[in-house]
file data.txt (compact mmCIF, C-alpha atoms)
# COMPACT_ATOMS: atom_id res chain seq x y z
CA MET A 598 9.92 150.15 79.88
CA ILE A 599 7.21 148.53 81.98
CA ILE A 600 7.67 146.46 85.12
CA GLY A 601 6.66 143.14 83.60
CA LYS A 602 6.53 141.11 86.80
CA SER A 603 7.94 141.19 90.31
CA ALA A 604 11.72 140.94 90.38
CA MET A 605 14.53 141.53 92.81
CA ALA A 606 18.26 142.29 92.64
CA GLY A 607 21.00 142.79 95.21
CA THR A 608 21.55 141.61 98.77
CA LEU A 609 21.42 142.90 102.32
CA GLU A 610 25.20 142.73 102.68
CA SER A 611 27.19 145.80 103.63
CA SER A 612 27.85 148.20 100.69
CA ASP A 613 24.96 146.64 98.75
CA ALA A 614 21.28 147.40 98.23
CA GLN A 615 18.34 145.12 97.65
CA VAL A 616 15.91 146.45 95.08
CA THR A 617 12.47 144.95 94.48
CA VAL A 618 10.20 146.03 91.62
CA GLU A 619 6.53 145.11 91.25
CA PRO A 620 3.92 146.03 88.63
CA SER A 621 1.55 148.79 89.69
CA GLU A 622 -1.27 150.80 88.14
CA ASN A 623 -0.67 153.82 90.36
CA GLY A 624 2.33 155.47 88.74
CA LEU A 625 5.71 155.26 90.44
CA GLU A 626 5.75 154.35 94.11
CA LEU A 627 9.18 154.44 95.72
CA GLU A 628 9.93 153.16 99.20
CA ILE A 629 13.43 153.47 100.62
CA SER A 630 14.93 152.31 103.86
CA SER A 631 18.59 152.86 104.59
CA SER A 632 21.07 152.64 107.42
CA VAL A 633 22.26 156.09 106.34
CA MET A 634 18.81 157.58 105.60
CA ASN A 635 19.40 160.83 107.51
CA GLN A 636 22.63 161.63 105.68
CA TYR A 637 22.05 160.22 102.23
CA GLY A 638 18.29 159.59 101.88
CA ARG A 639 17.78 162.43 99.43
CA GLN A 640 20.71 161.35 97.27
CA ILE A 641 19.59 157.72 97.23
CA ARG A 642 16.11 158.77 96.13
CA ALA A 643 17.54 161.01 93.40
CA THR A 644 19.82 158.25 92.07
CA VAL A 645 17.00 155.69 92.00
CA MET A 646 14.59 158.11 90.32
CA GLN A 647 17.16 159.15 87.68
CA THR A 648 17.89 155.51 86.92
CA LEU A 649 14.18 154.69 86.55
CA GLU A 650 13.75 157.76 84.36
CA ARG A 651 16.57 156.67 82.05
CA LEU A 652 14.95 153.25 81.77
CA ASP A 653 11.66 155.03 81.03
CA VAL A 654 9.87 153.26 83.86
CA GLN A 655 6.72 155.28 84.50
CA SER A 656 4.75 152.94 86.64
CA GLY A 657 5.59 150.38 89.30
CA LYS A 658 6.32 149.84 92.97
CA VAL A 659 10.02 150.06 93.76
CA THR A 660 11.38 149.12 97.17
CA VAL A 661 15.00 149.82 98.07
CA VAL A 662 16.69 148.47 101.19
CA ASP A 663 20.04 150.23 101.23
CA LYS A 664 23.03 148.98 103.20
CA GLY A 665 25.45 151.76 102.42
CA ALA A 666 25.68 151.19 98.65
CA LEU A 667 27.61 153.57 96.42
CA ASP A 668 25.64 155.33 93.68
CA CYS A 669 27.07 152.95 91.09
CA THR A 670 25.75 149.95 93.04
CA LEU A 671 22.30 151.50 93.46
CA LYS A 672 22.06 152.09 89.72
CA ALA A 673 23.25 148.54 88.99
CA ARG A 674 20.67 146.99 91.31
CA VAL A 675 17.76 149.08 90.00
CA GLU A 676 18.66 148.28 86.38
CA CYS A 677 19.09 144.61 87.13
CA ALA A 678 15.69 144.37 88.85
CA VAL A 679 13.92 146.23 86.02
CA TYR A 680 15.50 144.13 83.25
CA ARG A 681 14.85 140.94 85.23
CA SER A 682 11.18 141.93 85.48
CA ASN A 683 11.13 141.77 81.67
CA ASP A 684 13.38 138.69 81.33
CA ILE A 685 15.94 140.70 79.31
CA LYS A 686 19.53 139.54 79.69
CA ASP A 687 21.24 140.19 76.36
CA ALA A 688 21.81 142.99 73.84
CA LEU A 689 21.56 145.51 76.66
CA PRO A 690 21.92 149.25 75.95
CA TRP A 691 25.29 149.74 77.70
CA GLY A 692 26.15 153.42 77.56
CA GLY A 693 22.59 154.21 76.42
CA ALA A 694 19.73 153.71 78.88
CA ILE A 695 22.32 152.07 81.12
CA VAL A 696 24.76 154.82 81.91
CA MET B 1332 50.85 149.66 69.37
CA ASN B 1333 49.02 149.86 72.69
CA PRO B 1334 51.59 151.16 75.26
CA ASN B 1335 50.05 148.96 77.95
CA LEU B 1336 51.06 145.70 76.26
CA LYS B 1337 54.22 145.56 78.38
CA ARG B 1338 53.10 147.33 81.54
CA LEU B 1339 54.13 146.14 85.00
CA ARG B 1340 51.91 143.26 86.15
CA ARG B 1341 53.52 141.69 89.21
CA SER B 1342 50.26 141.23 91.08
CA MET B 1343 46.89 140.58 89.43
CA MET B 1344 44.14 140.38 92.03
CA PHE B 1345 40.85 138.55 91.43
CA LEU B 1346 37.69 140.31 92.62
CA ASN B 1347 34.16 138.97 92.48
CA CYS B 1348 31.89 141.35 90.54
CA GLN B 1349 28.92 139.96 92.46
CA LYS B 1350 30.19 141.67 95.63
CA PRO B 1351 30.00 145.49 95.66
CA ALA B 1352 32.09 145.64 98.84
CA LEU B 1353 34.99 143.97 97.04
CA ILE B 1354 35.07 146.07 93.89
CA LYS B 1355 34.54 149.52 95.39
CA ASP B 1356 38.08 150.31 96.55
CA PRO B 1357 40.69 147.58 95.85
CA TYR B 1358 43.19 150.23 94.74
CA ILE B 1359 44.00 150.88 98.41
CA TYR B 1360 46.03 147.64 98.35
CA SER B 1361 48.02 148.80 95.30
CA PRO B 1362 47.91 145.71 93.10
CA ASP B 1363 49.27 146.29 89.61
CA SER B 1364 46.08 144.87 88.08
CA ILE B 1365 42.66 143.81 89.27
CA MET B 1366 40.77 141.01 87.55
CA LEU B 1367 37.07 141.73 87.84
CA ASP B 1368 35.49 138.31 87.69
CA LEU B 1369 32.28 137.49 85.85
CA GLU B 1370 33.13 133.78 85.70
CA ASP B 1371 33.70 131.21 88.43
CA ALA B 1372 33.23 133.46 91.46
CA VAL B 1373 29.79 134.58 90.29
CA ALA B 1374 26.80 132.35 91.03
CA GLU B 1375 24.94 131.20 87.93
CA ARG B 1376 21.76 133.12 88.78
CA GLU B 1377 23.70 136.32 89.47
CA LYS B 1378 25.59 136.49 86.16
CA ASP B 1379 23.35 139.31 84.91
CA ALA B 1380 23.62 141.28 88.17
CA ALA B 1381 27.42 141.06 88.11
CA ARG B 1382 27.49 142.74 84.69
CA TYR B 1383 25.55 145.84 85.81
CA SER B 1384 27.88 146.16 88.79
CA LEU B 1385 30.90 145.76 86.56
CA PHE B 1386 29.72 148.34 84.05
CA HIS B 1387 29.08 151.05 86.64
CA ALA B 1388 32.23 150.25 88.60
CA LEU B 1389 34.30 150.63 85.44
CA ARG B 1390 32.56 153.87 84.55
CA GLU B 1391 32.38 155.52 87.95
CA ILE B 1392 35.09 154.24 90.29
CA ASP B 1393 38.51 155.82 90.00
CA TYR B 1394 40.86 152.84 90.32
CA ARG B 1395 43.84 155.22 90.43
CA GLY B 1396 45.93 153.72 87.67
CA VAL B 1397 45.38 150.08 88.59
CA GLU B 1398 44.80 148.07 85.42
CA ARG B 1399 41.24 146.75 85.11
CA VAL B 1400 41.05 143.31 83.53
CA VAL B 1401 37.68 141.58 83.18
CA ARG B 1402 37.47 137.78 83.32
CA ILE B 1403 34.61 136.82 81.03
CA ASN B 1404 32.67 133.57 81.06
CA GLY B 1405 33.95 130.66 78.98
CA LEU B 1406 33.51 130.45 75.24
CA ASP B 1407 31.43 127.31 75.81
CA THR B 1408 28.68 129.41 77.48
CA ASP B 1409 26.08 131.79 76.05
CA LEU B 1410 27.38 134.55 78.34
CA TRP B 1411 30.78 135.62 77.04
CA GLN B 1412 29.68 137.85 74.16
CA GLU B 1413 27.45 140.03 76.35
CA ASP B 1414 30.24 140.04 78.95
CA ILE B 1415 32.54 141.57 76.34
CA ARG B 1416 29.95 144.16 75.24
CA CYS B 1417 29.48 145.20 78.87
CA ALA B 1418 33.21 145.28 79.70
CA VAL B 1419 34.26 147.17 76.58
CA ALA B 1420 31.39 149.67 76.90
CA GLY B 1421 32.45 150.23 80.51
CA GLY B 1422 35.99 150.98 79.35
CA CYS B 1423 37.96 148.04 80.77
CA ASP B 1424 41.65 147.77 79.96
CA ALA B 1425 41.70 144.08 79.07
CA ILE B 1426 39.67 140.89 78.73
CA ARG B 1427 40.84 137.64 80.33
CA ILE B 1428 39.70 134.57 78.42
CA PRO B 1429 39.20 131.52 80.64
CA LYS B 1430 39.88 127.96 79.49
CA THR B 1431 41.74 129.01 76.34
CA GLU B 1432 42.71 126.00 74.27
CA THR B 1433 43.67 127.30 70.82
CA GLY B 1434 44.66 130.39 68.91
CA ALA B 1435 41.20 130.28 67.34
CA ASP B 1436 39.67 130.90 70.79
CA VAL B 1437 41.68 134.11 71.04
CA LYS B 1438 40.63 135.14 67.52
CA ARG B 1439 36.93 134.73 68.45
CA VAL B 1440 37.39 137.01 71.43
CA GLU B 1441 39.48 139.46 69.43
CA ALA B 1442 36.65 139.76 66.86
CA ALA B 1443 34.05 140.32 69.59
CA VAL B 1444 36.26 142.92 71.30
CA GLN B 1445 36.78 144.80 68.04
CA ALA B 1446 33.04 144.71 67.29
CA ALA B 1447 32.29 146.07 70.78
CA GLU B 1448 34.91 148.81 70.43
CA GLU B 1449 33.22 149.89 67.23
CA GLU B 1450 29.70 149.66 68.69
CA PHE B 1451 30.57 151.71 71.76
CA HIS B 1452 32.97 154.14 70.07
CA VAL B 1453 35.95 152.95 72.08
CA GLU B 1454 39.36 153.69 70.56
CA LYS B 1455 40.35 150.76 68.34
CA GLY B 1456 42.98 148.54 69.96
CA ARG B 1457 42.47 150.05 73.41
CA THR B 1458 41.17 146.81 74.92
CA LEU B 1459 43.87 144.17 75.36
CA ILE B 1460 43.46 140.43 75.81
CA MET B 1461 45.06 137.81 78.06
CA ALA B 1462 44.49 134.08 77.89
CA ALA B 1463 44.23 131.68 80.81
CA LEU B 1464 45.41 128.16 80.06
CA GLU B 1465 43.53 125.64 82.18
CA SER B 1466 43.98 122.31 80.42
CA ALA B 1467 46.69 120.05 79.06
CA ARG B 1468 45.55 120.95 75.53
CA GLY B 1469 45.76 124.67 76.29
CA VAL B 1470 49.26 124.32 77.70
CA MET B 1471 50.38 122.24 74.72
CA ASN B 1472 49.10 125.01 72.41
CA ALA B 1473 50.74 127.81 74.41
CA TYR B 1474 52.90 129.17 71.60
CA GLU B 1475 50.02 129.15 69.10
CA ILE B 1476 47.91 131.04 71.66
CA CYS B 1477 50.72 133.51 72.42
CA THR B 1478 51.11 134.41 68.73
CA SER B 1479 47.40 134.52 67.86
CA SER B 1480 46.67 138.24 68.29
CA PRO B 1481 48.54 141.54 68.47
CA LEU B 1482 46.15 142.48 71.28
CA LEU B 1483 47.25 139.58 73.48
CA PHE B 1484 49.60 140.79 76.23
CA GLY B 1485 50.12 137.50 78.00
CA ILE B 1486 49.07 134.07 79.17
CA ALA B 1487 48.28 132.84 82.66
CA LEU B 1488 48.30 129.39 84.17
CA SER B 1489 45.15 128.35 85.99
CA GLY B 1490 46.46 125.62 88.24
CA GLY B 1491 43.26 124.24 89.74
CA ASP B 1492 41.58 123.24 86.47
CA TYR B 1493 44.90 122.31 84.86
CA THR B 1494 45.80 119.81 87.57
CA LYS B 1495 42.28 118.34 87.42
CA ASP B 1496 42.79 117.80 83.69
CA LEU B 1497 46.15 116.21 84.46
CA GLN B 1498 44.33 113.87 86.87
CA THR B 1499 46.25 115.13 89.87
CA SER B 1500 45.80 117.97 92.36
CA ILE B 1501 47.63 120.92 93.87
CA SER B 1502 50.16 119.46 96.32
CA GLY B 1503 51.75 122.63 97.63
CA THR B 1504 55.15 121.53 96.35
CA GLY B 1505 54.68 122.80 92.80
CA VAL B 1506 55.82 119.49 91.32
CA GLU B 1507 52.54 118.97 89.45
CA LEU B 1508 52.84 122.46 87.87
CA MET B 1509 56.50 122.26 86.85
CA GLY B 1510 55.98 121.14 83.26
CA ALA B 1511 53.24 123.65 82.49
CA ARG B 1512 55.12 126.51 84.09
CA GLN B 1513 58.31 125.76 82.19
CA HIS B 1514 56.51 125.24 78.88
CA MET B 1515 54.41 128.37 79.22
CA ILE B 1516 57.25 130.72 80.13
CA ILE B 1517 59.30 129.45 77.20
CA ALA B 1518 56.35 129.85 74.81
CA ALA B 1519 55.59 133.34 76.12
CA ARG B 1520 59.17 134.51 75.81
CA ALA B 1521 59.50 133.03 72.32
CA ALA B 1522 56.40 134.98 71.32
CA GLY B 1523 57.40 138.16 73.17
CA VAL B 1524 54.41 138.26 75.52
CA GLN B 1525 54.09 138.14 79.31
CA CYS B 1526 53.48 135.08 81.48
CA PHE B 1527 51.63 134.88 84.79
CA ASP B 1528 51.41 132.18 87.41
CA THR B 1529 48.36 130.64 89.01
CA VAL B 1530 46.82 131.57 92.37
CA TYR B 1531 48.04 130.22 95.71
CA THR B 1532 44.90 129.33 97.61
CA ASN B 1533 46.16 128.47 101.11
CA LEU B 1534 45.96 131.82 102.86
CA ASN B 1535 47.15 130.29 106.13
CA ASP B 1536 50.51 129.35 104.62
CA MET B 1537 52.21 132.63 103.82
CA GLU B 1538 55.65 131.00 103.97
CA GLY B 1539 54.56 128.51 101.30
CA PHE B 1540 53.22 131.42 99.28
CA ARG B 1541 56.54 133.24 99.52
CA LYS B 1542 58.44 130.16 98.31
CA ASP B 1543 55.98 129.77 95.44
CA VAL B 1544 56.52 133.38 94.34
CA GLU B 1545 60.30 133.02 94.64
CA THR B 1546 60.12 129.96 92.39
CA ILE B 1547 58.09 131.62 89.63
CA HIS B 1548 60.19 134.78 89.89
CA THR B 1549 63.32 132.70 89.33
CA MET B 1550 61.65 130.93 86.41
CA GLY B 1551 61.06 134.27 84.67
CA PHE B 1552 57.33 134.83 85.20
CA ASP B 1553 56.13 138.44 85.02
CA GLY B 1554 53.75 138.12 87.95
CA LYS B 1555 51.20 136.11 89.85
CA SER B 1556 47.45 135.90 90.20
CA ILE B 1557 46.37 136.97 93.69
CA ILE B 1558 43.26 136.15 95.71
CA ASN B 1559 43.88 138.20 98.85
CA PRO B 1560 45.43 141.63 99.48
CA ARG B 1561 47.78 140.08 102.08
CA GLN B 1562 49.63 138.38 99.24
CA ILE B 1563 50.42 141.60 97.36
CA PRO B 1564 53.32 143.02 99.45
CA ILE B 1565 55.14 139.68 99.32
CA VAL B 1566 54.95 139.55 95.52
CA HIS B 1567 56.06 143.15 95.17
CA GLU B 1568 58.95 142.64 97.57
CA ILE B 1569 60.23 139.62 95.65
CA TYR B 1570 59.78 141.31 92.29
CA THR B 1571 61.40 144.60 93.24
CA PRO B 1572 65.10 144.64 92.26
CA LYS B 1573 67.45 144.88 95.25
CA PRO B 1574 69.73 147.95 95.59
CA LYS B 1575 72.86 145.91 94.75
CA ASP B 1576 71.18 144.57 91.58
CA ILE B 1577 70.19 148.10 90.53
CA ILE B 1578 73.72 149.45 91.11
CA PHE B 1579 75.22 146.55 89.17
CA ALA B 1580 72.73 146.93 86.30
CA GLU B 1581 73.48 150.63 86.08
CA LYS B 1582 77.22 149.91 85.89
CA VAL B 1583 76.68 147.25 83.22
CA VAL B 1584 74.62 149.56 81.00
CA ARG B 1585 77.03 152.48 81.35
CA GLU B 1586 80.12 150.29 80.80
CA ILE B 1587 78.67 148.55 77.73
CA ASP B 1588 77.72 151.93 76.22
CA THR B 1589 81.22 153.29 76.87
CA LYS B 1590 83.18 150.21 75.81
CA LYS B 1591 81.12 149.79 72.65
CA ALA B 1592 82.19 153.26 71.55
CA GLN B 1593 85.81 152.25 72.23
CA GLY B 1594 85.46 149.03 70.20
CA ILE B 1595 85.82 146.77 73.26
CA GLY B 1596 83.45 143.75 73.37
CA VAL B 1597 84.31 141.91 76.58
CA PHE B 1598 85.36 143.42 79.93
CA THR B 1599 84.73 143.03 83.66
CA VAL B 1600 82.41 144.84 86.07
CA ASP B 1601 82.92 144.14 89.80
CA GLY B 1602 85.03 141.12 88.83
CA LYS B 1603 82.36 139.61 86.55
CA MET B 1604 82.88 139.06 82.83
CA ILE B 1605 80.42 141.22 80.90
CA ASP B 1606 79.56 141.44 77.21
CA ILE B 1607 76.64 142.68 75.10
CA ALA B 1608 74.53 139.66 76.12
CA PHE B 1609 74.08 141.28 79.57
CA TYR B 1610 72.71 144.53 78.16
CA ASP B 1611 69.00 143.68 77.80
CA GLY B 1612 68.85 142.00 81.21
CA ALA B 1613 70.43 145.03 82.88
CA LYS B 1614 68.02 147.35 81.07
CA ARG B 1615 65.10 145.18 82.21
CA THR B 1616 66.27 145.35 85.84
CA LEU B 1617 66.41 149.15 85.65
CA ALA B 1618 63.00 149.36 83.97
CA LEU B 1619 61.47 147.13 86.65
CA ALA B 1620 63.18 149.15 89.39
CA LYS B 1621 61.86 152.35 87.87
CA ALA B 1622 58.34 150.94 87.55
CA SER B 1623 58.54 149.71 91.14
CA GLY B 1624 59.50 153.21 92.29
CA VAL B 1625 62.97 152.33 93.62
CA TYR B 1626 65.10 153.82 90.82
CA LYS B 1627 65.09 157.47 89.85
CA GLY B 1628 68.16 157.38 87.60
CA ASP B 1629 68.36 158.44 83.98
CA LEU B 1630 68.99 155.05 82.34
call {"tool": "encode", "arguments": {"input": "data.txt", "output": "structure tokens"}}
result
Amino acid sequence: MIIGKSAMAGTLESSDAQVTVEPSENGLELEISSSVMNQYGRQIRATVMQTLERLDVQSGKVTVVDKGALDCTLKARVECAVYRSNDIKDALPWGGAIV
Amino acid sequence: MNPNLKRLRRSMMFLNCQKPALIKDPYIYSPDSIMLDLEDAVAEREKDAARYSLFHALREIDYRGVERVVRINGLDTDLWQEDIRCAVAGGCDAIRIPKTETGADVKRVEAAVQAAEEEFHVEKGRTLIMAALESARGVMNAYEICTSSPLLFGIALSGGDYTKDLQTSISGTGVELMGARQHMIIAARAAGVQCFDTVYTNLNDMEGFRKDVETIHTMGFDGKSIINPRQIPIVHEIYTPKPKDIIFAEKVVREIDTKKAQGIGVFTVDGKMIDIAFYDGAKRTLALAKASGVYKGDL
């Protein structure tokens, strides 16, 4: 899937993450900031990258501001931002690309 | 038949799917059920975001035996069908239909649930349904709604919208809800399904909340919708059979079993006249006590 346009999902509340996606010509660029970067930075990056991989996103700028989100929330926010960037809201691949 | 149709549902706590902090660990408060909300609590522009959160929460969070009900958006929106696909694919235990007015509403949801179970290879009949009645028409059609689907485990009163439709408001006395409560519990019992009361929204009036729960408990309701964890222990306390009730129920069951074998129909237990009509009630008390963890006996 491509990043069709800039889109955002999530909030800066505790236990949440705010994910912004923007179109880019330079492959995948991932920027993460987190209140728990030292402890969980690597895991956050891995979760975000796996989620993008499952969605087959190969190019785009992805910015994550993490506020202590669980893995399941990170996935949810990345997926939401990517699908929003393509204006897709229905007939989603639950259990397929979204897993 | 799905064994969860009749499970214990004293406390059913609403949680907003838009808020990750709320849905990550509600099991620590030990409600019997959580109701993961995609409807009223979720802002219109966050409806899509709430679904992704719901799906992953259902798939990845261990709710430790707490029943996971999903409140979908109303059948008058273009959201409810995708809500059901998401919830069923995630593996929810039940769907709560808001603003239910007829048995046909339940049938529409039943068909969508069955289609989703097939699409996502979920065991057929695993996903139950409950219906919230939020209007005078819905309350009037309670029995029709209660008997509309074998997947329907119960009905719930939604007092805020119902009183608006009645052109009144929540007074705190319960007077405005009396008719609906009475009608719904009778309809539910006639149909053999469960019945749940509306939320109590004044969190500063715990004494009023306690009285409200005592009232619906006396009326025969199976449980209450909850909006704050502080309300849970009060509901459970009121719904847990007292030791004297458990002892009496045990005596009643044992005596009826014994006397029946001896051909005796009417007798006394602790000075009270007892006959077969007391049997089911006593069994229910023991089942509730067992489910509440206060009875370890063999009956």
call {"tool": "closest_atom_pairs", "arguments": {"input": "data.txt", "of": "chain B", "to": "chain A", "cutoff": "6 Å", "atoms": "only C-alpha atoms", "output": "tab-separated table"}}
result
residue	atom	partner	partner_atom	distance
B:Ala1352	CA	A:Ser612	CA	5.3
B:Ala1380	CA	A:Cys677	CA	5.7
B:Tyr1383	CA	A:Ala673	CA	4.8
B:Ser1384	CA	A:Ala673	CA	5.2
B:His1387	CA	A:Cys669	CA	5.2
call {"tool": "closest_residue", "arguments": {"input": "data.txt", "among": "A:Gly624, A:Ser656, A:Val661, A:Arg651", "to": "Gly638 (chain A)", "atoms": "all atoms listed in the file"}}
result
A:Val661
call {"tool": "axis_aligned_box", "arguments": {"input": "data.txt", "around": "region 1448-1458 of chain B", "padding_each_side": "4 Å", "output": "JSON"}}
result
{"center_x": 36.3, "center_y": 150.5, "center_z": 71.1, "size_x": 21.3, "size_y": 15.3, "size_z": 15.7}
call {"tool": "closest_residue", "arguments": {"input": "data.txt", "among": "A:Ile600, A:Val679, A:Thr660, A:Asp653", "to": "Pro620 (chain A)", "atoms": "all atoms listed in the file"}}
result
A:Ile600
call {"tool": "residues_around", "arguments": {"input": "data.txt", "residues": "Phe1552 (chain B)", "least_positions_apart": "6", "cutoff": "12 Å", "atoms": "all atoms listed in the file", "output": "PyMOL selection string"}}
result
chain B and resi 1339-1342+1485-1488+1512-1520+1524-1529+1543-1546+1566+1569-1570
call {"tool": "residues_around", "arguments": {"input": "data.txt", "residues": "Pro1357 (chain B)", "least_positions_apart": "3", "cutoff": "10 Å", "atoms": "all atoms listed in the file", "output": "ChimeraX atom specification"}}
result
/B:1344,1346,1352-1354,1360-1362,1364-1365,1394-1395,1397,1560
call {"tool": "write_last_selection", "arguments": {"input": "data.txt", "atoms": "C-alpha atoms", "output": "short mmCIF file (atom, residue, chain, number, x, y, z; two decimals), keeping the file's coordinate frame"}}
result
data_model
loop_
_atom_site.label_atom_id
_atom_site.label_comp_id
_atom_site.auth_asym_id
_atom_site.auth_seq_id
_atom_site.Cartn_x
_atom_site.Cartn_y
_atom_site.Cartn_z
CA MET B 1344 44.14 140.38 92.03
CA LEU B 1346 37.69 140.31 92.62
CA ALA B 1352 32.09 145.64 98.84
CA LEU B 1353 34.99 143.97 97.04
CA ILE B 1354 35.07 146.07 93.89
CA TYR B 1360 46.03 147.64 98.35
CA SER B 1361 48.02 148.80 95.30
CA PRO B 1362 47.91 145.71 93.10
CA SER B 1364 46.08 144.87 88.08
CA ILE B 1365 42.66 143.81 89.27
CA TYR B 1394 40.86 152.84 90.32
CA ARG B 1395 43.84 155.22 90.43
CA VAL B 1397 45.38 150.08 88.59
CA PRO B 1560 45.43 141.63 99.48
#
call {"tool": "residues_near_point", "arguments": {"input": "data.txt", "point": "(36.9, 136.5, 84.5)", "cutoff": "6 Å", "atoms": "all atoms listed in the file", "output": "list in words"}}
result
Asp1368, Leu1369, Glu1370, Val1401, Arg1402, Ile1403 and Arg1427 of chain B
call {"tool": "closest_residue", "arguments": {"input": "data.txt", "among": "B:Ala1442, B:Asn1347, B:Asp1379, B:Lys1495", "to": "Asn1559 (chain B)", "atoms": "only C-alpha atoms"}}
result
B:Asn1347
call {"tool": "decode", "arguments": {"input": "data.txt", "residues": "region 1555-1568 of chain B", "atoms": "N, CA, C and O atoms", "output": "short mmCIF file (atom, residue, chain, number, x, y, z; two decimals), in the first residue's frame"}}
result
data_model
loop_
_atom_site.label_atom_id
_atom_site.label_comp_id
_atom_site.auth_asym_id
_atom_site.auth_seq_id
_atom_site.Cartn_x
_atom_site.Cartn_y
_atom_site.Cartn_z
N LYS B 1555 -26.24 -4.95 36.27
CA LYS B 1555 -26.35 -3.52 35.97
C LYS B 1555 -25.19 -3.07 35.10
O LYS B 1555 -24.07 -3.57 35.23
N SER B 1556 -25.48 -2.10 34.23
CA SER B 1556 -24.42 -1.47 33.45
C SER B 1556 -23.66 -0.52 34.37
O SER B 1556 -24.26 0.18 35.18
N ILE B 1557 -22.34 -0.49 34.20
CA ILE B 1557 -21.44 0.22 35.12
C ILE B 1557 -20.61 1.22 34.31
O ILE B 1557 -20.21 0.90 33.19
N ILE B 1558 -20.35 2.39 34.88
CA ILE B 1558 -19.49 3.34 34.16
C ILE B 1558 -18.20 3.65 34.90
O ILE B 1558 -17.36 4.36 34.38
N ASN B 1559 -18.06 3.11 36.12
CA ASN B 1559 -16.85 3.40 36.88
C ASN B 1559 -16.52 2.19 37.76
O ASN B 1559 -17.43 1.61 38.36
N PRO B 1560 -15.23 1.84 37.86
CA PRO B 1560 -14.87 0.67 38.68
C PRO B 1560 -15.34 0.76 40.13
O PRO B 1560 -15.58 -0.28 40.76
N ARG B 1561 -15.50 1.98 40.66
CA ARG B 1561 -15.94 2.12 42.05
C ARG B 1561 -17.32 1.51 42.27
O ARG B 1561 -17.70 1.19 43.40
N GLN B 1562 -18.09 1.39 41.21
CA GLN B 1562 -19.45 0.87 41.36
C GLN B 1562 -19.48 -0.67 41.45
O GLN B 1562 -20.47 -1.24 41.92
N ILE B 1563 -18.41 -1.31 41.00
CA ILE B 1563 -18.43 -2.78 40.88
C ILE B 1563 -18.59 -3.50 42.23
O ILE B 1563 -19.46 -4.37 42.37
N PRO B 1564 -17.77 -3.17 43.25
CA PRO B 1564 -17.90 -3.92 44.51
C PRO B 1564 -19.29 -3.81 45.14
O PRO B 1564 -19.75 -4.76 45.78
N ILE B 1565 -19.95 -2.67 44.95
CA ILE B 1565 -21.29 -2.50 45.52
C ILE B 1565 -22.27 -3.46 44.84
O ILE B 1565 -23.07 -4.13 45.51
N VAL B 1566 -22.20 -3.54 43.53
CA VAL B 1566 -23.08 -4.45 42.79
C VAL B 1566 -22.82 -5.89 43.23
O VAL B 1566 -23.76 -6.64 43.53
N HIS B 1567 -21.56 -6.26 43.27
CA HIS B 1567 -21.24 -7.65 43.61
C HIS B 1567 -21.68 -7.98 45.04
O HIS B 1567 -22.17 -9.08 45.30
N GLU B 1568 -21.51 -7.04 45.93
CA GLU B 1568 -21.93 -7.27 47.33
C GLU B 1568 -23.44 -7.53 47.38
O GLU B 1568 -23.89 -8.48 48.02
#
